[in-house]
Amino acid sequence: MNTARKQLFLNYKGGTGKTSISSAYGYCLAKAGKKVLMVDLDAQAHLTTCFNQELIPHDKSLYSVILNDGNIKDIISSTSLANLKLIPSSISLSALELPLFGIYLREYRLRRVLKEVEKDFDYIIMDSAPAIGLLSLNAILAADEVLIPLLADFLSFHGLKILLETLSSIERDFNFYLDRIHIFLNRYNPEYPVCLECREAVDKFYPEYSLKTVISESREIIDASSMGKSVFELYPESKIAEDIKNLVDEINNPVKKPEGKELGHEEKVRV
Ligand SMILES: Nc1ncnc2c1ncn2[C@@H]1O[C@H](COP(=O)(O)OP(=O)(O)OP(=O)(O)O)[C@@H](O)[C@H]1O
Ligand SMILES: [Mg+2]
């Protein structure tokens with residue numbers, strides 16, 4: 001029986017598009033017929049808000065499931081699509097780290113609870129908070145793949161180096177290996193030289209992780225998240241909807257070269 005591919009949107013830098021892009025990405029996969037579970041790992045609960053879900057009470061949250069071995073199935077909510085589910089977040093997640101420290105195998109709690117449902121889904125898409133800490137370490141150790149949205153500016157590029165070094169040291173320390181890491185530029189505007197320079201720099205320094213797809217700067221995605229709707233519901237013909245489809249395809253359905261070699265797969269598989 002298949003188990004879900006667990007994909008984590010991660011960037012310790014805030015505001016790079018983890019939530020906006022992961023919500024649209026998960027919706028796009030679900031629209032294509034995949035069974036998708038979205039997991040909101042940020043106490044700000046923005047992913048939850050994107051799906052227009054009410055914030056959930058403390059006793060029925062990921063906080064209690066992780067800490068008290070509760071049943072994860074009890075906290076899965078529905079969305080406007082039958083095959084797209086959500087584990088909502090709430091402010092209680094911000095209080096998780098301290099009690100988690102006292103728990104045996106604390107780094108693997110999320111991985112363990114997600115195992116309970118990984119056979120029910122094709123994809124588990126996690127949206128992390130912009131924070132280095134035990135919860136984001138749990139998310140990394142629960143993931144098969146990491147997707148890094150990057151803004152085209154110097155500080156973001158500097159942050160990327162630190163993030164990749166951190167991932168390498170986690171891999172070394174925990175003897176754990178991510179299958180793949182994908183980096184893509186968000187809020188891309190080809191009229192800005194800095195966007196072109198940043199794209200070149202990612203291709204040059206991180207060719208094994210760099211995606212061809214870029215996500216355009218878009219007014220539609222801002223509107224959609226403020227209305228608690230997907231950009232695919234409100235603006236299915238928009239450029240950003242096309243970009244997100246390309247992102248989903250490049251990551252999940254790599255194009256075959258004529259001789260049968262997959263593009264964007266072997267090159268990115270980590271050894
Ligand atoms: N492609 C885009 N075009 C225009 N605006 C965007 C785009 N992607 C994200 N934004 C806007 O940028 C802001 C930050 O996006 P978002 O909340 O998704 O980032 P984040 O990485 O999840 O932030 P945090 O680190 O706080 O969780 C939001 O106002 C969002 O609407
Ligand atoms: Mg976010």
# chains A, B, ... in the order shown; residues from 1 in each chain; ligands from 1

call {"tool": "select_by_dssp", "arguments": {"residues": "stretch 17-244 of chain A", "states": "strand (DSSP E)", "output": "ChimeraX atom specification"}}
result
/A:36-40,77-78,84-87,123-127,145-150,180-185

call {"tool": "closest_atom_pairs", "arguments": {"of": "stretch 114-205 of chain A", "to": "stretch 5-26 of chain A", "cutoff": "6 Å", "atoms": "only C-alpha atoms", "output": "CSV"}}
result
residue,atom,partner,partner_atom,distance
A:Tyr123,CA,A:Arg5,CA,4.8
A:Ile124,CA,A:Lys6,CA,4.7
A:Ile125,CA,A:Gln7,CA,5.0
A:Met126,CA,A:Leu8,CA,4.7
A:Asp127,CA,A:Phe9,CA,5.1
A:Ser128,CA,A:Leu10,CA,5.7
A:Pro130,CA,A:Tyr12,CA,4.3
A:Ala131,CA,A:Tyr12,CA,5.2
A:Ala143,CA,A:Lys6,CA,4.9
A:Asp144,CA,A:Lys6,CA,5.1
A:Glu145,CA,A:Gln7,CA,4.8
A:Val146,CA,A:Leu8,CA,4.8
A:Leu147,CA,A:Phe9,CA,4.8
A:Ile148,CA,A:Leu10,CA,5.3
A:Pro149,CA,A:Thr16,CA,5.9
A:Leu150,CA,A:Thr16,CA,5.8
A:Leu151,CA,A:Thr16,CA,5.8

call {"tool": "write_last_selection", "arguments": {"atoms": "N, CA, C and O atoms", "output": "compact mmCIF listing (two decimals), in the first residue's frame"}}
result
# COMPACT_ATOMS: atom_id res chain seq x y z
N TYR A 123 -0.52 12.80 -0.42
CA TYR A 123 0.43 13.84 -0.03
C TYR A 123 0.09 14.39 1.35
O TYR A 123 -1.09 14.60 1.65
N ILE A 124 1.11 14.61 2.14
CA ILE A 124 0.95 15.38 3.38
C ILE A 124 1.83 16.62 3.20
O ILE A 124 3.04 16.52 3.02
N ILE A 125 1.18 17.79 3.19
CA ILE A 125 1.89 19.05 2.92
C ILE A 125 1.93 19.85 4.22
O ILE A 125 0.88 20.20 4.77
N MET A 126 3.14 20.11 4.69
CA MET A 126 3.28 20.83 5.97
C MET A 126 3.76 22.26 5.72
O MET A 126 4.66 22.48 4.90
N ASP A 127 3.17 23.17 6.47
CA ASP A 127 3.58 24.57 6.41
C ASP A 127 4.22 24.93 7.73
O ASP A 127 3.57 24.89 8.77
N SER A 128 5.51 25.26 7.70
CA SER A 128 6.19 25.50 8.98
C SER A 128 6.21 26.99 9.34
O SER A 128 6.00 27.85 8.49
N PRO A 130 8.19 30.43 10.70
CA PRO A 130 9.54 30.95 10.41
C PRO A 130 10.39 30.93 11.68
O PRO A 130 10.78 31.97 12.19
N ALA A 131 10.68 29.75 12.17
CA ALA A 131 11.39 29.66 13.45
C ALA A 131 12.26 28.43 13.48
O ALA A 131 11.88 27.37 12.99
N ALA A 143 9.60 14.83 7.29
CA ALA A 143 9.43 15.11 5.86
C ALA A 143 10.26 14.18 4.97
O ALA A 143 11.33 13.70 5.38
N ASP A 144 9.76 13.96 3.76
CA ASP A 144 10.57 13.30 2.73
C ASP A 144 11.28 14.36 1.88
O ASP A 144 12.38 14.13 1.39
N GLU A 145 10.58 15.47 1.69
CA GLU A 145 11.12 16.52 0.82
C GLU A 145 10.91 17.87 1.47
O GLU A 145 9.91 18.08 2.15
N VAL A 146 11.82 18.79 1.18
CA VAL A 146 11.68 20.16 1.67
C VAL A 146 11.56 21.09 0.47
O VAL A 146 12.32 20.99 -0.49
N LEU A 147 10.58 21.99 0.53
CA LEU A 147 10.37 22.99 -0.53
C LEU A 147 10.65 24.36 0.07
O LEU A 147 10.04 24.74 1.07
N ILE A 148 11.59 25.06 -0.54
CA ILE A 148 12.03 26.35 0.03
C ILE A 148 11.63 27.50 -0.88
O ILE A 148 12.24 27.68 -1.94
N PRO A 149 10.62 28.28 -0.49
CA PRO A 149 10.32 29.50 -1.25
C PRO A 149 11.31 30.58 -0.86
O PRO A 149 11.59 30.78 0.32
N LEU A 150 11.84 31.26 -1.87
CA LEU A 150 12.91 32.23 -1.63
C LEU A 150 12.53 33.55 -2.26
O LEU A 150 12.02 33.58 -3.38
N LEU A 151 12.77 34.65 -1.54
CA LEU A 151 12.57 35.97 -2.14
C LEU A 151 13.90 36.43 -2.74
O LEU A 151 14.97 36.02 -2.28

call {"tool": "select_by_dssp", "arguments": {"residues": "stretch 23-254 of chain A", "states": "helix (DSSP H, G or I)", "output": "JSON, numbers by chain"}}
result
{"A": [23, 24, 25, 26, 27, 28, 29, 30, 31, 46, 47, 48, 49, 50, 58, 59, 60, 62, 63, 64, 65, 66, 67, 68, 72, 73, 74, 75, 91, 92, 93, 94, 95, 97, 98, 99, 100, 101, 106, 107, 108, 109, 110, 111, 112, 113, 114, 115, 118, 119, 120, 134, 135, 136, 137, 138, 139, 140, 141, 142, 154, 155, 156, 157, 158, 159, 160, 161, 162, 163, 164, 165, 166, 167, 168, 169, 170, 171, 172, 173, 174, 193, 194, 195, 196, 197, 198, 199, 200, 201, 202, 203, 204, 205, 219, 220, 221, 222, 223, 224, 225, 226, 231, 232, 233, 234, 239, 240, 241, 242, 243, 244, 245, 246, 247, 248, 249, 250, 251, 252]}

call {"tool": "residues_around", "arguments": {"residues": "stretch 243-247 of chain A", "least_positions_apart": "2", "cutoff": "6 Å", "atoms": "only C-alpha atoms", "output": "number ranges by chain"}}
result
A: 213, 215, 240-241, 249-250

call {"tool": "closest_residue", "arguments": {"among": "A:Leu110, A:Ile75, A:Ala32, A:Ala45", "to": "ligand 1", "atoms": "only C-alpha atoms and all ligand atoms"}}
result
A:Ala45
